[in-house]
Structures are given as structure tokens and as C-alpha cells.
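Participant: Below is the file entry.tsv, which contains TSV, C-alpha atoms.
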```tsv
chain	number	residue	atom	x	y	z
A	1	MET	CA	41.00	-2.57	18.88
A	2	ARG	CA	40.32	1.02	17.96
A	3	ARG	CA	37.05	1.75	16.21
A	4	ALA	CA	37.33	3.26	12.76
A	5	PRO	CA	36.36	6.94	12.81
A	6	SER	CA	32.90	7.72	11.47
A	7	ALA	CA	32.67	9.89	8.38
A	8	GLY	CA	29.81	11.83	10.01
A	9	PHE	CA	27.95	14.61	8.23
A	10	PRO	CA	27.97	18.42	8.22
A	11	ALA	CA	26.40	19.80	11.39
A	12	VAL	CA	24.52	22.41	9.37
A	13	LEU	CA	22.25	19.65	8.06
A	14	TRP	CA	20.60	19.49	11.50
A	15	VAL	CA	18.72	22.71	10.70
A	16	PRO	CA	16.78	21.58	7.59
A	17	ALA	CA	16.44	18.10	9.10
A	18	ALA	CA	14.79	19.55	12.21
A	19	PHE	CA	12.49	21.66	10.05
A	20	ALA	CA	11.49	18.62	7.98
A	21	LEU	CA	10.79	16.60	11.12
A	22	ALA	CA	8.72	19.42	12.59
A	23	LEU	CA	6.72	19.68	9.37
A	24	ILE	CA	5.77	16.02	9.73
A	25	VAL	CA	5.36	15.69	13.49
A	26	LEU	CA	3.75	18.96	14.58
A	27	PRO	CA	0.56	18.67	12.47
A	28	VAL	CA	-0.01	15.19	13.86
A	29	LEU	CA	0.53	16.43	17.41
A	30	GLY	CA	-1.90	19.22	16.63
A	31	LEU	CA	-4.67	16.62	16.48
A	32	LEU	CA	-4.13	15.92	20.17
A	33	THR	CA	-4.93	19.53	21.05
A	34	ARG	CA	-8.34	19.30	19.38
A	35	VAL	CA	-9.77	16.12	20.87
A	36	ASP	CA	-11.41	15.91	24.31
A	37	PRO	CA	-9.79	12.95	26.16
A	38	ALA	CA	-13.00	12.36	28.11
A	39	ARG	CA	-14.97	11.78	24.90
A	40	LEU	CA	-12.29	9.76	23.14
A	41	PRO	CA	-13.43	6.26	24.24
A	42	ALA	CA	-17.04	6.94	23.23
A	43	LEU	CA	-16.00	8.42	19.89
A	44	LEU	CA	-13.73	5.49	19.04
A	45	THR	CA	-16.37	2.90	19.94
A	46	SER	CA	-19.18	4.50	17.96
A	47	SER	CA	-20.82	2.40	15.28
A	48	ALA	CA	-19.44	4.62	12.53
A	49	ALA	CA	-15.85	4.26	13.77
A	50	VAL	CA	-16.09	0.50	14.44
A	51	ASP	CA	-17.73	-0.24	11.07
A	52	ALA	CA	-15.17	1.87	9.22
A	53	LEU	CA	-12.22	0.28	11.01
A	54	ASP	CA	-13.52	-3.24	10.45
A	55	LEU	CA	-14.15	-2.59	6.76
A	56	SER	CA	-10.75	-0.93	6.29
A	57	VAL	CA	-8.82	-3.80	7.84
A	58	ARG	CA	-10.76	-6.50	5.97
A	59	THR	CA	-10.54	-4.88	2.56
A	60	SER	CA	-6.89	-3.90	3.05
A	61	LEU	CA	-5.99	-7.50	3.89
A	62	VAL	CA	-7.74	-8.75	0.75
A	63	ALA	CA	-6.11	-6.03	-1.37
A	64	THR	CA	-2.71	-6.96	0.04
A	65	ALA	CA	-3.29	-10.63	-0.74
A	66	LEU	CA	-4.30	-9.77	-4.32
A	67	SER	CA	-1.25	-7.54	-4.66
A	68	LEU	CA	0.96	-10.42	-3.55
A	69	VAL	CA	-0.67	-12.99	-5.83
A	70	PHE	CA	-0.53	-10.80	-8.94
A	71	GLY	CA	2.14	-8.24	-8.12
A	72	GLY	CA	4.73	-10.79	-7.03
A	73	PRO	CA	4.91	-12.50	-10.43
A	74	LEU	CA	4.84	-9.09	-12.12
A	75	ALA	CA	7.90	-8.03	-10.12
A	76	VAL	CA	9.74	-11.16	-11.24
A	77	VAL	CA	8.84	-10.51	-14.88
A	78	LEU	CA	10.00	-6.89	-14.69
A	79	ALA	CA	13.28	-7.87	-13.02
A	80	ARG	CA	14.16	-10.92	-15.09
A	81	ALA	CA	12.43	-10.58	-18.47
A	82	ARG	CA	14.64	-9.75	-21.45
A	83	LEU	CA	11.98	-8.32	-23.70
A	84	ARG	CA	11.61	-5.07	-25.56
A	85	GLY	CA	9.30	-2.64	-23.90
A	86	VAL	CA	10.00	-3.74	-20.32
A	87	ARG	CA	10.92	-0.17	-19.39
A	88	VAL	CA	7.62	1.07	-20.76
A	89	LEU	CA	5.79	-1.67	-18.88
A	90	ARG	CA	7.59	-0.66	-15.67
A	91	ALA	CA	6.57	2.95	-16.18
A	92	VAL	CA	2.94	1.92	-16.60
A	93	VAL	CA	3.06	-0.18	-13.43
A	94	LEU	CA	4.40	2.82	-11.49
A	95	LEU	CA	1.64	5.16	-12.72
A	96	PRO	CA	-0.56	4.72	-9.61
A	97	LEU	CA	2.35	6.03	-7.52
A	98	VAL	CA	2.35	9.40	-9.28
A	99	LEU	CA	-1.25	9.80	-10.47
A	100	PRO	CA	-3.78	11.45	-8.15
A	101	PRO	CA	-5.85	8.60	-6.67
A	102	VAL	CA	-9.02	10.27	-7.94
A	103	VAL	CA	-7.79	9.71	-11.49
A	104	GLY	CA	-7.38	6.03	-10.69
A	105	GLY	CA	-10.91	5.92	-9.34
A	106	LEU	CA	-12.27	7.53	-12.50
A	107	ALA	CA	-10.31	5.08	-14.63
A	108	LEU	CA	-11.78	2.14	-12.74
A	109	LEU	CA	-15.27	3.63	-12.91
A	110	TYR	CA	-15.18	4.21	-16.65
A	111	LEU	CA	-13.73	0.75	-17.26
A	112	LEU	CA	-15.92	-1.26	-14.89
A	113	GLY	CA	-19.02	0.94	-14.63
A	114	ARG	CA	-22.22	0.04	-16.44
A	115	THR	CA	-21.26	2.06	-19.50
A	116	GLY	CA	-17.64	0.87	-19.50
A	117	PRO	CA	-16.31	-1.73	-21.94
A	118	LEU	CA	-15.88	-4.37	-19.24
A	119	GLY	CA	-18.55	-3.08	-16.89
A	120	GLY	CA	-21.20	-3.49	-19.55
A	121	LEU	CA	-20.30	-7.15	-20.00
A	122	LEU	CA	-20.33	-7.69	-16.25
A	123	ASP	CA	-23.70	-5.94	-15.98
A	124	ASP	CA	-25.14	-8.23	-18.63
A	125	ALA	CA	-23.95	-11.17	-16.53
A	126	GLY	CA	-25.66	-9.73	-13.44
A	127	LEU	CA	-22.48	-8.51	-11.77
A	128	ARG	CA	-22.05	-4.95	-10.53
A	129	LEU	CA	-18.75	-3.69	-9.13
A	130	PRO	CA	-19.03	0.09	-8.58
A	131	TYR	CA	-20.23	1.17	-5.13
A	132	THR	CA	-19.70	-2.27	-3.60
A	133	THR	CA	-17.18	-3.67	-1.14
A	134	ALA	CA	-15.44	-5.37	-4.08
A	135	ALA	CA	-14.92	-1.92	-5.58
A	136	VAL	CA	-13.14	-0.85	-2.40
A	137	VAL	CA	-10.78	-3.82	-2.72
A	138	LEU	CA	-10.09	-3.08	-6.39
A	139	ALA	CA	-9.38	0.59	-5.68
A	140	GLN	CA	-7.03	-0.30	-2.84
A	141	THR	CA	-5.26	-2.90	-4.95
A	142	PHE	CA	-4.84	-0.43	-7.81
A	143	VAL	CA	-3.03	2.13	-5.67
A	144	ALA	CA	-1.17	-0.25	-3.33
A	145	MET	CA	0.13	-3.02	-5.58
A	146	PRO	CA	2.93	-0.89	-7.11
A	147	PHE	CA	4.49	-0.62	-3.65
A	148	LEU	CA	4.88	-4.39	-3.53
A	149	VAL	CA	6.08	-4.59	-7.13
A	150	VAL	CA	8.73	-1.90	-6.57
A	151	GLY	CA	9.97	-3.52	-3.37
A	152	LEU	CA	10.26	-7.02	-4.80
A	153	GLU	CA	11.68	-5.92	-8.14
A	154	GLY	CA	14.34	-3.86	-6.38
A	155	ALA	CA	15.26	-6.87	-4.23
A	156	LEU	CA	15.58	-9.08	-7.31
A	157	ARG	CA	17.67	-6.54	-9.20
A	158	SER	CA	20.09	-6.20	-6.29
A	159	ALA	CA	20.27	-9.99	-5.81
A	160	ASP	CA	22.88	-12.06	-7.60
A	161	ALA	CA	21.27	-13.69	-10.65
A	162	ARG	CA	24.11	-16.20	-10.84
A	163	TYR	CA	22.35	-18.43	-8.32
A	164	GLU	CA	19.47	-18.87	-10.74
A	165	GLN	CA	21.91	-19.44	-13.59
A	166	VAL	CA	23.75	-22.11	-11.61
A	167	ALA	CA	20.46	-23.84	-10.79
A	168	ALA	CA	19.57	-23.89	-14.48
A	169	THR	CA	23.04	-25.25	-15.33
A	170	LEU	CA	22.51	-28.08	-12.83
A	171	GLY	CA	19.34	-29.09	-14.65
A	172	ALA	CA	16.65	-27.31	-12.64
A	173	GLY	CA	13.69	-26.20	-14.70
A	174	PRO	CA	12.23	-22.67	-14.57
A	175	TRP	CA	9.56	-23.57	-12.03
A	176	LEU	CA	11.96	-25.43	-9.72
A	177	THR	CA	14.46	-22.58	-9.94
A	178	PHE	CA	11.72	-20.10	-9.11
A	179	ARG	CA	10.55	-22.06	-6.06
A	180	ARG	CA	13.94	-23.06	-4.67
A	181	VAL	CA	16.12	-20.08	-5.61
A	182	THR	CA	14.12	-16.98	-6.62
A	183	VAL	CA	11.49	-17.09	-3.88
A	184	PRO	CA	14.04	-17.52	-1.03
A	185	MET	CA	15.95	-14.51	-2.38
A	186	LEU	CA	12.73	-12.46	-2.23
A	187	LEU	CA	11.78	-13.42	1.33
A	188	PRO	CA	13.84	-10.73	3.12
A	189	ALA	CA	12.13	-7.99	1.09
A	190	LEU	CA	8.73	-9.67	1.04
A	191	GLY	CA	7.78	-8.88	4.63
A	192	SER	CA	8.42	-5.14	4.46
A	193	SER	CA	6.87	-4.87	0.97
A	194	VAL	CA	3.68	-6.62	2.12
A	195	VAL	CA	3.38	-4.46	5.23
A	196	LEU	CA	3.86	-1.23	3.27
A	197	THR	CA	1.32	-2.41	0.70
A	198	PHE	CA	-1.19	-3.01	3.50
A	199	ALA	CA	-0.45	0.44	4.94
A	200	ARG	CA	-1.08	2.11	1.59
A	201	ALA	CA	-4.34	0.20	1.13
A	202	LEU	CA	-5.42	1.15	4.65
A	203	GLY	CA	-4.97	4.85	3.93
A	204	GLU	CA	-6.50	4.89	0.45
A	205	PHE	CA	-9.14	7.59	-0.08
A	206	GLY	CA	-9.40	9.18	-3.53
A	207	ALA	CA	-9.85	6.13	-5.74
A	208	THR	CA	-12.18	4.54	-3.19
A	209	ILE	CA	-14.62	7.44	-2.87
A	210	THR	CA	-14.68	7.87	-6.66
A	211	PHE	CA	-15.18	4.23	-7.59
A	212	ALA	CA	-16.90	2.81	-4.50
A	213	GLY	CA	-18.68	5.74	-2.90
A	214	SER	CA	-19.17	6.14	0.85
A	215	LEU	CA	-21.81	3.80	2.26
A	216	GLN	CA	-21.48	2.92	5.95
A	217	GLY	CA	-20.71	-0.76	6.45
A	218	THR	CA	-20.29	-1.33	2.71
A	219	THR	CA	-17.74	1.06	1.24
A	220	ARG	CA	-17.03	3.68	3.93
A	221	THR	CA	-13.50	2.89	5.03
A	222	LEU	CA	-11.79	4.74	7.86
A	223	PRO	CA	-10.35	7.55	5.67
A	224	LEU	CA	-13.78	8.08	4.10
A	225	ALA	CA	-15.44	8.03	7.52
A	226	ILE	CA	-13.03	10.72	8.71
A	227	TYR	CA	-13.85	12.92	5.71
A	228	THR	CA	-17.61	12.39	6.07
A	229	THR	CA	-17.71	12.83	9.84
A	230	ALA	CA	-15.61	16.02	9.75
A	231	GLN	CA	-18.54	17.82	8.13
A	232	SER	CA	-20.80	17.25	11.15
A	233	ASP	CA	-18.66	16.26	14.16
A	234	VAL	CA	-15.08	17.49	14.14
A	235	ASP	CA	-14.22	15.79	17.44
A	236	ALA	CA	-15.29	12.40	16.11
A	237	ALA	CA	-13.30	12.96	12.93
A	238	VAL	CA	-10.20	13.87	14.94
A	239	ALA	CA	-10.62	10.78	17.12
A	240	MET	CA	-10.79	8.54	14.06
A	241	SER	CA	-7.82	10.39	12.60
A	242	LEU	CA	-5.79	9.58	15.69
A	243	LEU	CA	-6.87	5.96	15.39
A	244	LEU	CA	-5.64	5.87	11.81
A	245	VAL	CA	-2.35	7.52	12.84
A	246	VAL	CA	-1.79	4.86	15.52
A	247	LEU	CA	-2.54	2.08	13.06
A	248	ALA	CA	-0.20	3.60	10.49
A	249	LEU	CA	2.61	3.91	13.05
A	250	LEU	CA	2.15	0.29	14.09
A	251	VAL	CA	2.25	-0.88	10.48
A	252	ILE	CA	5.27	1.26	9.60
A	253	GLY	CA	7.04	0.06	12.74
A	254	LEU	CA	6.34	-3.52	11.71
A	255	ALA	CA	7.71	-2.79	8.25
A	256	GLY	CA	10.89	-1.38	9.78
A	257	THR	CA	11.26	-4.47	11.96
A	258	LYS	CA	10.85	-6.75	8.95
A	259	ALA	CA	13.44	-4.76	7.03
A	260	VAL	CA	15.96	-5.06	9.88
A	261	GLU	CA	15.30	-8.79	10.17
A	262	GLY	CA	15.82	-9.15	6.43
A	263	ARG	CA	19.24	-7.49	6.60
A	264	ALA	CA	20.29	-9.52	9.65
```
Taking this structure as input, can you express it in the form of C-alpha cells?
Facilitator:
Amino acid sequence: MRRAPSAGFPAVLWVPAAFALALIVLPVLGLLTRVDPARLPALLTSSAAVDALDLSVRTSLVATALSLVFGGPLAVVLARARLRGVRVLRAVVLLPLVLPPVVGGLALLYLLGRTGPLGGLLDDAGLRLPYTTAAVVLAQTFVAMPFLVVGLEGALRSADARYEQVAATLGAGPWLTFRRVTVPMLLPALGSSVVLTFARALGEFGATITFAGSLQGTTRTLPLAIYTTAQSDVDAAVAMSLLLVVLALLVIGLAGTKAVEGRA
């Protein structure tokens, strides 16, 4: 059987495509020219690098879990609700994707700081969020959760809603329909959305340094450690940058694998 001919694409597109790829790849490769391979093991095992990596992974995992617990239901509401103002609500949810992260950090600080409307109440109760590890988690959740919401909402919108309608017709209640029909439809997109959410939390910088500060072992995540270390030891900062690049590539590769498995 003869294979159907491929539509292909104009060959001229290779030129801008190659330029775009070079713009992404070459700066990363440039890091390799700056680091001394002999010092790399010592730099990556320093207390500053280990503490930052440990804190980044732990807080990113918690932020991803919070994004799933709260962002998952939000995605279902945005995709299935038939209420006025859903478009406005969707636009608000997507704000962290377009706002500078520093703005998000300021918003969190002025809401949950001691002089903020909620921060004052928390302070009266003996709770303080800014410049704590919990603040890191909140900042990461603020900027990363929209990635999960967008992924799951898109999956629900492209899925056939008739399955849910049939379940309701057969007498299944909303909760049973959600568990037995809606959730299975979301599973293919859930893996890649969760992984990308974790990746975004892992690389968060602006909101974290504004709302949580940069205290080693408490709030100094790997991106913050890179920024702080670059002012005194460029080689150490480059080594940690390469570590973050490797982690990001692993996470993105995992997301791609999950996406392929979901389509299979």
C-alpha cells in the first residue's frame, strides 16, 4: 500500500526556524564555556547549592499539590459552568501568566503582610507568612497554578460533553458523574499539566524574592541562589544555573512523555 504524500512545508521556513532554535540553544550552551569542569562537583555540592535545590524541590512539590487540589476544580468550573461572567473569571485566572512575577509578589505582600487586610488578621492570630517557607509555596502556587488550570480546562473543552450528559440521563448524580466520567477524561492531560506546573514552580523567582525574601535554607530557592551567588562567585552561579537547566530539561522531557502517552 502506497503511503499518502505528506503536505510538507515551505523550505524557506528552515531559516527563521534555525534562527529561533539558535536563539534558545546558544545562550544555554554559552554557560558551558564559563564553568570550570574541575570545580563543578565542588560547586554543585556546596551547602548553598544543596540547600537551595532541596528547598526548591520541596516547595515546588507542595505548590504543585496545592495547584492540583484547588486548580483542578477551578478548571472544571471554567469549562462546564454556564454562568455570566465566566469569561471575566477566566481572564482573572490567567493574569499570573502575563503579569510580571514581581507584581504578583507585591500583591501577595500587600494582601498578606502585616499591614494587609488579611495579613493583619493573621498577625493578630500569631501567624506570619511573608519571608517564610510558606510564602515561597504561596508565591510558586500563584504563578504556577494557571498552567494546570489552562491545561485541564483545554482538555475538558475538547472532550465530548455528551458522556457526562448520558451519565446524568442514566441517573448518575453530579458527584458520581464527576468521579466516573469527568476525571477519567482529564487523566490524559493531567500528567503533562502537573509536570509543567511543577516546572514553573521550580523556576519561579520574581514573586518569591518579593514576598518571601532570600534566606538560605528558608526561602532561598535555586533561582534566588543563582541570583545571589552571581554577585560574589560567578562560577558557582553558572554551576547552579546548569543544574537548573538539567532539571528543567528532565521535567520538560517527562511532560512530553506524558503528553505522548495521553494521545496513545
Participant: What is the distance, in Å and to one decimal place, between atom CA of Arg80 of chain A and atom CA of Leu196 of chain A?
Facilitator: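 Here the two named atoms are 23.2 Å from each other.
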Participant: Go through A:Leu74, A:Val98, A:Ile209, A:Ala11 one by one, measure the shortest atom-to-atom distance of each to Leu156 of chain A using all atoms listed in the file, and give the residue with the smallest value.
Facilitator: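 Checking each candidate against Leu156 of chain A, we get A:Leu74 as the closest.
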Participant: Around all of segment 98-111 of chain A's listed atoms, make the axis-aligned box with 6 Å on each side and tell me centre and edge lengths in Å to one decimal, as JSON.
Facilitator:
```
{"center_x": -6.5, "center_y": 6.1, "center_z": -12.0, "size_x": 29.6, "size_y": 22.7, "size_z": 22.6}
```
Participant: Counting all atoms listed in the file, what is within 8 Å of Ala139 of chain A, bar same-chain residues fewer than 3 positions away, as a PyMOL selection string?
Facilitator: chain A and resi 104-105+108+135-136+142-143+207-208+211-212
Participant: List as an MDAnalysis selection string the residues having at least one atom at most 10 Å from position (-1.1, 4.8, 0.0) as given in the file, counting only C-alpha atoms.
Facilitator: chainID A and resid 96:97 101 140 143:147 196:205
Participant: Taking only C-alpha atoms into account, which of A:Gly30, A:Ala230, A:Leu254, A:Ala239 comes nearest Thr45 of chain A?
Facilitator: A:Ala239
Participant: Neighbouring residues of Ser193 of chain A were defined as those with any atom within 12 Å, considering all atoms listed in the file; residues of the same chain fewer than 3 positions away were excluded. Please report them as an MDAnalysis selection string.
Facilitator: chainID A and resid 64:65 67:68 71:72 75 144:155 186:190 196:200 251:252 254:259 262
Participant: Store the residues of this selection in a file with C-alpha atoms, as a short mmCIF file (atom, residue, chain, number, x, y, z; two decimals), in the frame of the given file.
Facilitator:
```
data_model
loop_
_atom_site.label_atom_id
_atom_site.label_comp_id
_atom_site.auth_asym_id
_atom_site.auth_seq_id
_atom_site.Cartn_x
_atom_site.Cartn_y
_atom_site.Cartn_z
CA THR A 64 -2.71 -6.96 0.04
CA ALA A 65 -3.29 -10.63 -0.74
CA SER A 67 -1.25 -7.54 -4.66
CA LEU A 68 0.96 -10.42 -3.55
CA GLY A 71 2.14 -8.24 -8.12
CA GLY A 72 4.73 -10.79 -7.03
CA ALA A 75 7.90 -8.03 -10.12
CA ALA A 144 -1.17 -0.25 -3.33
CA MET A 145 0.13 -3.02 -5.58
CA PRO A 146 2.93 -0.89 -7.11
CA PHE A 147 4.49 -0.62 -3.65
CA LEU A 148 4.88 -4.39 -3.53
CA VAL A 149 6.08 -4.59 -7.13
CA VAL A 150 8.73 -1.90 -6.57
CA GLY A 151 9.97 -3.52 -3.37
CA LEU A 152 10.26 -7.02 -4.80
CA GLU A 153 11.68 -5.92 -8.14
CA GLY A 154 14.34 -3.86 -6.38
CA ALA A 155 15.26 -6.87 -4.23
CA LEU A 186 12.73 -12.46 -2.23
CA LEU A 187 11.78 -13.42 1.33
CA PRO A 188 13.84 -10.73 3.12
CA ALA A 189 12.13 -7.99 1.09
CA LEU A 190 8.73 -9.67 1.04
CA LEU A 196 3.86 -1.23 3.27
CA THR A 197 1.32 -2.41 0.70
CA PHE A 198 -1.19 -3.01 3.50
CA ALA A 199 -0.45 0.44 4.94
CA ARG A 200 -1.08 2.11 1.59
CA VAL A 251 2.25 -0.88 10.48
CA ILE A 252 5.27 1.26 9.60
CA LEU A 254 6.34 -3.52 11.71
CA ALA A 255 7.71 -2.79 8.25
CA GLY A 256 10.89 -1.38 9.78
CA THR A 257 11.26 -4.47 11.96
CA LYS A 258 10.85 -6.75 8.95
CA ALA A 259 13.44 -4.76 7.03
CA GLY A 262 15.82 -9.15 6.43
#
```
Participant: Which residue is closest to Thr115 of chain A? Choose from A:Gly206, A:Pro130, A:Pro10, A:Pro223 and count only C-alpha atoms.
Facilitator: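 Nearest candidate to Thr115 of chain A out of A:Gly206, A:Pro130, A:Pro10, A:Pro223: A:Pro130.
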Participant: Restrict the calculation to all atoms listed in the file, then for each residue of segment 11-110 of chain A with any atom at most 7 Å from an atom of segment 219-222 of chain A give the closest atom pair and their distance in Å to one decimal, rows by chain and rising residue number, as JSON lines.
Facilitator:
```
{"residue": "A:Ala52", "atom": "CA", "partner": "A:Thr221", "partner_atom": "CA", "distance": 4.6}
{"residue": "A:Leu53", "atom": "CA", "partner": "A:Leu222", "partner_atom": "CA", "distance": 5.5}
{"residue": "A:Leu55", "atom": "CA", "partner": "A:Thr221", "partner_atom": "CA", "distance": 5.8}
{"residue": "A:Ser56", "atom": "CA", "partner": "A:Thr221", "partner_atom": "CA", "distance": 4.9}
```
Participant: Show which residues sit within 9 Å of Ala167 of chain A, as a PyMOL selection string. Count all atoms listed in the file, and ignore same-chain residues fewer than 6 positions away.
Facilitator: chain A and resi 173+176-177+180-181
Participant: Quick check, in Å to one decimal: how far apart do atom CA of Arg34 of chain A and atom CA of Ser60 of chain A lie?
Facilitator: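 Taking atom CA of Arg34 of chain A as the start and atom CA of Ser60 of chain A as the end point, the length is 28.4 Å.
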Participant: So how far away is atom CA of Tyr131 of chain A from atom CA of Met240 of chain A, in Å?
Facilitator: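 That distance, rounded to one decimal, is 22.6 Å.
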Participant: Mind checking which residues fall within 8 Å of Val137 of chain A, counting all atoms listed in the file, ignoring those fewer than 3 positions away in the same chain, and posting them as a ChimeraX atom specification?
Facilitator: /A:59-60,62-63,133-134,140-141
Participant: Residues within 12 Å of Leu43 of chain A, please, as a compact mmCIF listing (two decimals) with C-alpha atoms, keeping the file's coordinate frame. Count only C-alpha atoms; anything in the same chain fewer than 4 positions from it doesn't count.
Facilitator:
```txt
# COMPACT_ATOMS: atom_id res chain seq x y z
CA VAL A 35 -9.77 16.12 20.87
CA ASP A 36 -11.41 15.91 24.31
CA PRO A 37 -9.79 12.95 26.16
CA ALA A 38 -13.00 12.36 28.11
CA ARG A 39 -14.97 11.78 24.90
CA SER A 47 -20.82 2.40 15.28
CA ALA A 48 -19.44 4.62 12.53
CA ALA A 49 -15.85 4.26 13.77
CA VAL A 50 -16.09 0.50 14.44
CA ILE A 226 -13.03 10.72 8.71
CA THR A 229 -17.71 12.83 9.84
CA ASP A 233 -18.66 16.26 14.16
CA VAL A 234 -15.08 17.49 14.14
CA ASP A 235 -14.22 15.79 17.44
CA ALA A 236 -15.29 12.40 16.11
CA ALA A 237 -13.30 12.96 12.93
CA VAL A 238 -10.20 13.87 14.94
CA ALA A 239 -10.62 10.78 17.12
CA MET A 240 -10.79 8.54 14.06
CA SER A 241 -7.82 10.39 12.60
CA LEU A 242 -5.79 9.58 15.69
CA LEU A 243 -6.87 5.96 15.39
```
Participant: Counting only C-alpha atoms, figure out which residue out of A:Leu83, A:Val102, A:Leu247, A:Ala168 gets nearest to Thr210 of chain A.
Facilitator: A:Val102
